[in-house]
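Student: Please find one structure pasted underneath; my questions will follow.
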Amino acid sequence: MFDNIHGNELNKEILKNMINERKYGHAYLFSGPKGTQKRKIAIEFIKGIFCLSEGERPCHVCSQCHKIESGNHPDFHEIRPEDENIKIQQIRDMQKSMMIKPYEGDKKVYLVNSCESMGVPAQNSLLKILEEPSGSTMVILVANSKKSILPTILSRCQILNFNPLAKASFVTIMTDEYGTDADEADLLFQLTQGRIDEAGKMIRYPEKKNEYRIIEEHLDLLRKGNVEKIFDITKMAKEKGIDDIKLTDYLLIYFRNILINKALKVENYDEDCLTIPEINDIIERIIDIQSNTKINVNMQLQVESLLLKIQEE
């Protein structure tokens, strides 16, 4: 079980025990950075719940496992964002669906992706579901961050936190399973900070690495005082179809790498004009921008304001 899931061993052990003992809660939150395989492990967990095998579950061969894998199980419902957000109507539809008895067993499972994208009205609607749990339903929420989720929702969920891989484990997986050389694995770790699914995407779509390299070059010039690069970065991102989250991800990668190199006193970084506290402040501001993506704000203006502040510092 979970053979194709890397890292987060404690979470996997917790979920294995639940499946073996057939004892489940009514609500879970799988929280962690994008690319830490949260949805993958949720699907494996759901397979284990429905699996017909008398041995190890999930077996991956029974009809229930195949139906979950294909998304065709009548008692498994997956909710995805519409136009980048989970809408209140989706939660209301989910609530109505819960009133119908399971078709093929004694349980219905609802997987809600990107639940941090819900506005307060949608979250309040979800809260009503969690406040009156039914023994025949389970809700699994998947989020990149808990920051924008109501505390009342958090208090009603069993929370499993997912973390990126440590560098040594990440490099081993990249070289052994993906066939990269050590230098490529090191670059992928820098770009993804150990998020294995994101690394896999960059291997399949190498142009993503080139996007980062261009932004890295622009930011290097910006740190040297070239204020024009502020607007070049956002303009280039728009032209290449780099969305707001991806752009801010690239900014996070860039400044985290600077922070690490500066902390380790890598050659040439001690001369950088930014101090470690200033870099930490920049990273916190980038994370704040990312948490505002579900709010009706001008993200390009926020990023440009941040870059202008960086240039000033």
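Every chain in the structure tokens takes a letter, A first, then B, and so on in the order presented; its residues are numbered from 1, and the ligands are numbered from 1 following the presented order.
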Find the residues around region 101-104 of chain A up to 10 Å (only C-alpha atoms counted), leave out those fewer than 4 positions away in its own chain, and share them as a PyMOL selection string.
Tutor: chain A and resi 50+64+73-76+97+108-109+136-137
Student: Keeping only C-alpha atoms, write the selected residues to a file as an mmCIF file, in the first residue's frame.
Tutor:
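Final file, out-v1.cif:
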data_model
loop_
_atom_site.group_PDB
_atom_site.id
_atom_site.type_symbol
_atom_site.label_atom_id
_atom_site.label_comp_id
_atom_site.auth_asym_id
_atom_site.auth_seq_id
_atom_site.Cartn_x
_atom_site.Cartn_y
_atom_site.Cartn_z
ATOM 1 C CA PHE A 50 -13.896 0.402 -0.607
ATOM 2 C CA GLN A 64 -14.120 -1.251 -6.377
ATOM 3 C CA HIS A 73 -17.618 4.755 -8.327
ATOM 4 C CA PRO A 74 -21.191 5.849 -7.457
ATOM 5 C CA ASP A 75 -20.268 6.367 -3.783
ATOM 6 C CA PHE A 76 -17.079 8.368 -4.437
ATOM 7 C CA SER A 97 -25.945 14.251 -2.416
ATOM 8 C CA LYS A 108 -19.953 7.541 0.696
ATOM 9 C CA VAL A 109 -16.694 9.484 0.410
ATOM 10 C CA SER A 136 -22.362 6.787 6.227
ATOM 11 C CA THR A 137 -20.325 9.726 4.867
#
Student: Which parts of region 142-237 of chain A does DSSP call helix (DSSP H, G or I) when run on the backbone here, written out as an MDAnalysis selection string?
Tutor: chainID A and resid 151:154 167:177 182:192 196:204 207:223 229:237
Student: Taking into account only C-alpha atoms, which residue in the set A:Gln95, A:Gln158, A:Asn85, A:Gln311 is nearest to Ile14 (chain A)?
Tutor: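 Comparing A:Gln95, A:Gln158, A:Asn85, A:Gln311 against Ile14 (chain A), the winner is A:Gln158.
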Student: Under the rule of at most 6 Å, produce a per-residue listing of region 159-192 of chain A near region 19-32 of chain A: chain, number, name, the closest pair of atoms, and the distance in Å, as CSV, using only C-alpha atoms.
Tutor:
residue,atom,partner,partner_atom,distance
A:Ile159,CA,A:Leu29,CA,4.7
A:Leu160,CA,A:Phe30,CA,5.0
A:Asn161,CA,A:Ser31,CA,4.9
A:Phe162,CA,A:Gly32,CA,4.6
A:Asn163,CA,A:Gly32,CA,6.0
Student: List as number ranges by chain the protein and nucleic acid residues near Met94 (chain A), meaning an atom at most 10 Å away when only C-alpha atoms are counted, but skip any in the same chain fewer than 6 places from it.
Tutor: A: 77-79, 88, 110, 112, 126, 129
Student: How many Å separate CA of Asp83 (chain A) from CA of Ile286 (chain A)?
Tutor: 22.4 Å
Student: So, with only C-alpha atoms as the atoms that count, which of A:Ile215, A:Leu191, A:Ala42, A:Ile68 lies closest to Val139 (chain A)?
Tutor: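 The closest residue to Val139 (chain A) is A:Ala42.
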Student: Which residue, A:Leu252, A:Leu187, A:Leu127, A:Leu222, has the smallest gap to Pro206 (chain A) when you use only C-alpha atoms?
Tutor: A:Leu187
Student: Of the candidates A:Glu116, A:Glu13, A:Asp106, A:Glu217, which one gets nearest to Met138 (chain A) if we count only C-alpha atoms?
Tutor: A:Asp106
Student: Taking the DSSP secondary structure from the backbone, can you list the residues of region 132-236 of chain A that are strand (DSSP E or B), as a count of residues only?
Tutor: 11
Student: Go through A:Thr248, A:Asn261, A:Thr172, A:Thr180 one by one, measure the shortest atom-to-atom distance of each to Glu284 (chain A) using only C-alpha atoms, and give the residue with the smallest value.
Tutor: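 Going through A:Thr248, A:Asn261, A:Thr172, A:Thr180 one by one, the smallest distance to Glu284 (chain A) is for A:Thr248.
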Student: For Met1 (chain A), which residue out of A:Met236, A:Met99, A:Ile46, A:Cys59 is the nearest one, using only C-alpha atoms?
Tutor: A:Cys59
Student: Counting only C-alpha atoms, what is within 8 Å of Phe255 (chain A), bar same-chain residues fewer than 5 positions away, as a compact mmCIF listing (two decimals) with N, CA and C atoms, in the first residue's frame?
Tutor:
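What landed in out.txt:
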# COMPACT_ATOMS: atom_id res chain seq x y z
N ILE A 279 15.47 39.03 3.80
CA ILE A 279 15.07 37.94 2.92
C ILE A 279 13.89 37.18 3.53
N ILE A 282 10.81 39.14 2.92
CA ILE A 282 10.37 39.01 1.52
C ILE A 282 9.61 37.69 1.34
N ILE A 283 10.15 36.61 1.89
CA ILE A 283 9.50 35.31 1.78
C ILE A 283 8.12 35.33 2.42
Student: Quick check, in Å to one decimal: how far apart do CA of Phe170 (chain A) and CA of Lys209 (chain A) lie?
Tutor: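 For CA of Phe170 (chain A) relative to CA of Lys209 (chain A), the distance reads 17.3 Å.
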